[in-house]
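This report refers to the structure that appears directly beneath it.
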Amino acid sequence: MKRLAAARTHNAKPPITGEQCVRLASDMDIVAARQLARALAEQIGFSAGDATVVATAVSELARNIVDYAPPGEMVVRSIENGNRVGLVLVARDNGPGIKDIARAMRDGFSTSGRLGLGLPGVRRLMDEFEIVSEPGKGTCVTVKKWITRRGR
Amino acid sequence: MEVPILKQGLHLIATVQSALSDADLLQLRDALVESVGRMRARGVIVDVTALDVMDSFATRILRDIAYMVRLRGAETVIVGIQPEVAFAMAQFGLRLEGITSSLDLEEGLAYLDEKTRRRPNP
């Protein structure tokens, strides 16, 4: 079934199978992570728009780790639930953790003078969002996106 | 990967040719702000047709480019934002406040010619 989905994308690259993990230590790793996630998203049948949405979320989560808590990692995997198909991203690090998660989830809040849209933006992009952070131990963000079947 | 900057008439054209790392974006910003003076440009076009993702960092750097180029006396226009990138930016809640964007290079050049035409040639 996964092979058929891959064939539909007309992608000459070999299909991505199993769980993929990208180590996040430098800004080039951010690019690698989002390209991998986009390839997987397209392979399992996400539209070009939703694949870009996934790649954008990966870029934000990966940058948080590279900038604040390197090295960390991003795990990308396809998921199924009944007849739904989707994709899960797990971004985890062993960094300083986020002291006030509620604040970090608010638009416009940033400790770095940036736009402060990262985490709330990712929550808007994805269907499911979960964050666990322990000061001094690290942060783990798990997000999921399901394929929307239009016209059903 | 470094972004090439070409001069066309009174304007500079920077064409993004692949996915950019954060360092590439910062390099592009610095090169454009410097080139505006060295090449005495009136306008700057950043062509992002090939850009895979416009996240909060890329958005911030493009806003910075537009503002810094304006401080140097020139205008910036972003061209080639793809439909799926526009879709993701809207979902994300990213705003290109203060930045002009045009459909493609042709429209961008027409905009800059209009915007800078009242000033005599150097």
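Chain labels A, B, ... are given in the sequence in which chains occur in the structure tokens; within each chain residues are numbered consecutively from 1, and ligands are likewise numbered from 1 in the order shown.
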
### Task
Could you list the residues in chain B lying within 7 Å of chain A, using only C-alpha atoms, and format the result as a PyMOL selection string?
chain B and resi 21-22+53-56+84-85+87-88+91-93

What does the file look like for those residues with N, CA and C atoms, as a CSV table (one decimal), in the first residue's frame?
chain,number,residue,atom,x,y,z
B,21,SER,N,20.0,27.8,3.9
B,21,SER,CA,20.2,27.7,5.4
B,21,SER,C,20.1,29.1,6.0
B,22,ASP,N,20.0,29.1,7.3
B,22,ASP,CA,20.0,30.4,8.0
B,22,ASP,C,21.2,31.3,7.6
B,53,VAL,N,10.6,26.7,1.8
B,53,VAL,CA,9.9,27.0,3.0
B,53,VAL,C,10.1,28.5,3.4
B,54,MET,N,9.0,29.1,3.8
B,54,MET,CA,9.2,30.5,4.3
B,54,MET,C,8.7,30.4,5.8
B,55,ASP,N,9.7,30.2,6.7
B,55,ASP,CA,9.3,30.1,8.1
B,55,ASP,C,9.5,31.5,8.8
B,56,SER,N,9.5,31.5,10.1
B,56,SER,CA,9.5,32.8,10.8
B,56,SER,C,10.9,33.4,10.6
B,84,GLU,N,1.8,27.1,-2.5
B,84,GLU,CA,1.9,26.3,-1.3
B,84,GLU,C,2.6,27.0,-0.2
B,85,VAL,N,3.6,27.8,-0.6
B,85,VAL,CA,4.3,28.6,0.5
B,85,VAL,C,3.4,29.6,1.0
B,87,PHE,N,0.2,29.4,1.2
B,87,PHE,CA,-0.8,28.7,2.0
B,87,PHE,C,-0.2,28.4,3.4
B,88,ALA,N,1.1,27.9,3.4
B,88,ALA,CA,1.7,27.6,4.7
B,88,ALA,C,1.9,28.9,5.6
B,91,GLN,N,-1.4,29.9,7.1
B,91,GLN,CA,-1.8,29.0,8.2
B,91,GLN,C,-0.9,29.3,9.5
B,92,PHE,N,0.3,29.6,9.2
B,92,PHE,CA,1.3,29.9,10.3
B,92,PHE,C,0.9,31.2,11.0
B,93,GLY,N,0.4,32.1,10.2
B,93,GLY,CA,0.2,33.4,10.8
B,93,GLY,C,1.3,34.4,10.5

Residues within 7 Å of range 2-16 of chain B, only C-alpha atoms, excluding chain neighbours under 4 positions, as a PDB file with C-alpha atoms, in the first residue's frame:
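As a result, around.pdb now contains:
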ATOM      1  CA  ASP B  24      22.784  31.711   3.547  1.00  0.00           C
ATOM      2  CA  LEU B  28      22.143  37.381   1.313  1.00  0.00           C
ATOM      3  CA  ALA B  41      20.921  50.458  -7.215  1.00  0.00           C
ATOM      4  CA  ARG B  42      17.455  52.009  -6.853  1.00  0.00           C
ATOM      5  CA  GLY B  43      15.602  48.758  -6.455  1.00  0.00           C
ATOM      6  CA  VAL B  44      16.136  45.235  -5.181  1.00  0.00           C
ATOM      7  CA  ILE B  45      14.269  42.127  -6.237  1.00  0.00           C
ATOM      8  CA  VAL B  46      14.488  38.945  -4.186  1.00  0.00           C
ATOM      9  CA  ASP B  47      13.178  36.049  -6.249  1.00  0.00           C
ATOM     10  CA  VAL B  48      12.069  33.268  -3.890  1.00  0.00           C
ATOM     11  CA  ALA B  50      12.846  28.162  -5.589  1.00  0.00           C
ATOM     12  CA  LEU B  51      12.566  28.652  -1.828  1.00  0.00           C
TER      13      LEU B  51
END

### Message
Can you pull out every residue from range 58-139 of chain A that DSSP, working from the backbone, puts in helix (DSSP H, G or I), and format the result as a ChimeraX atom specification?
### Response
/A:58-68,101-104,118-125

### Message
Report as a list in words all protein, DNA and RNA residues lying within 9 Å of Ser101 in chain B, evaluated on only C-alpha atoms, omitting residues in the same chain fewer than 4 positions from it.
### Response
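In the requested form, the answer reads Thr76, Val77, Ile78, Val79, Gly80, Ile81, Leu96 and Gly108 of chain B.
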
Could you turn the residues from that selection into a file that holds N, CA and C atoms, as a PDB file, in the first residue's frame?
ATOM      1  N   THR B  76      12.592  47.484  -2.119  1.00  0.00           N
ATOM      2  CA  THR B  76      12.693  46.024  -2.275  1.00  0.00           C
ATOM      3  C   THR B  76      11.344  45.452  -2.672  1.00  0.00           C
ATOM      4  N   VAL B  77      11.371  44.457  -3.524  1.00  0.00           N
ATOM      5  CA  VAL B  77      10.147  43.710  -3.804  1.00  0.00           C
ATOM      6  C   VAL B  77      10.494  42.220  -3.825  1.00  0.00           C
ATOM      7  N   ILE B  78       9.639  41.437  -3.159  1.00  0.00           N
ATOM      8  CA  ILE B  78       9.820  39.984  -3.116  1.00  0.00           C
ATOM      9  C   ILE B  78       8.959  39.389  -4.227  1.00  0.00           C
ATOM     10  N   VAL B  79       9.523  38.537  -5.040  1.00  0.00           N
ATOM     11  CA  VAL B  79       8.731  37.931  -6.119  1.00  0.00           C
ATOM     12  C   VAL B  79       8.804  36.408  -6.051  1.00  0.00           C
ATOM     13  N   GLY B  80       7.743  35.768  -6.554  1.00  0.00           N
ATOM     14  CA  GLY B  80       7.776  34.323  -6.749  1.00  0.00           C
ATOM     15  C   GLY B  80       7.365  33.482  -5.555  1.00  0.00           C
ATOM     16  N   ILE B  81       6.624  34.058  -4.594  1.00  0.00           N
ATOM     17  CA  ILE B  81       6.139  33.225  -3.486  1.00  0.00           C
ATOM     18  C   ILE B  81       5.146  32.208  -4.078  1.00  0.00           C
ATOM     19  N   LEU B  96       4.118  39.490   6.065  1.00  0.00           N
ATOM     20  CA  LEU B  96       5.227  40.208   5.430  1.00  0.00           C
ATOM     21  C   LEU B  96       4.954  41.710   5.518  1.00  0.00           C
ATOM     22  N   GLY B 108       7.657  42.367 -10.775  1.00  0.00           N
ATOM     23  CA  GLY B 108       8.527  43.035  -9.801  1.00  0.00           C
ATOM     24  C   GLY B 108       9.312  44.162 -10.443  1.00  0.00           C
TER      25      GLY B 108
END

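Omitting Glu134 in chain A and its sequence neighbours fewer than 3 positions away, and counting only C-alpha atoms, the residues within 7 Å are Gly97, Ile98, Lys137, Gly138 and Thr139 of chain A.
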
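CA of Ala74 in chain B sits 17.2 Å away from CA of Leu105 in chain B.
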
### Task
Name the residues in contact with range 76-92 of chain A at a cut-off of 9 Å, using only C-alpha atoms, excluding same-chain residues fewer than 4 positions from it; report them as a PyMOL selection string.
chain A and resi 17-22+33+36-37+40-41+44-46+54+58+61-62+65+72+138-148

### Message
Please report the interatomic distance between CA of Pro70 in chain A and CA of Ala25 in chain A in Å with one decimal.
### Response
5.2 Å
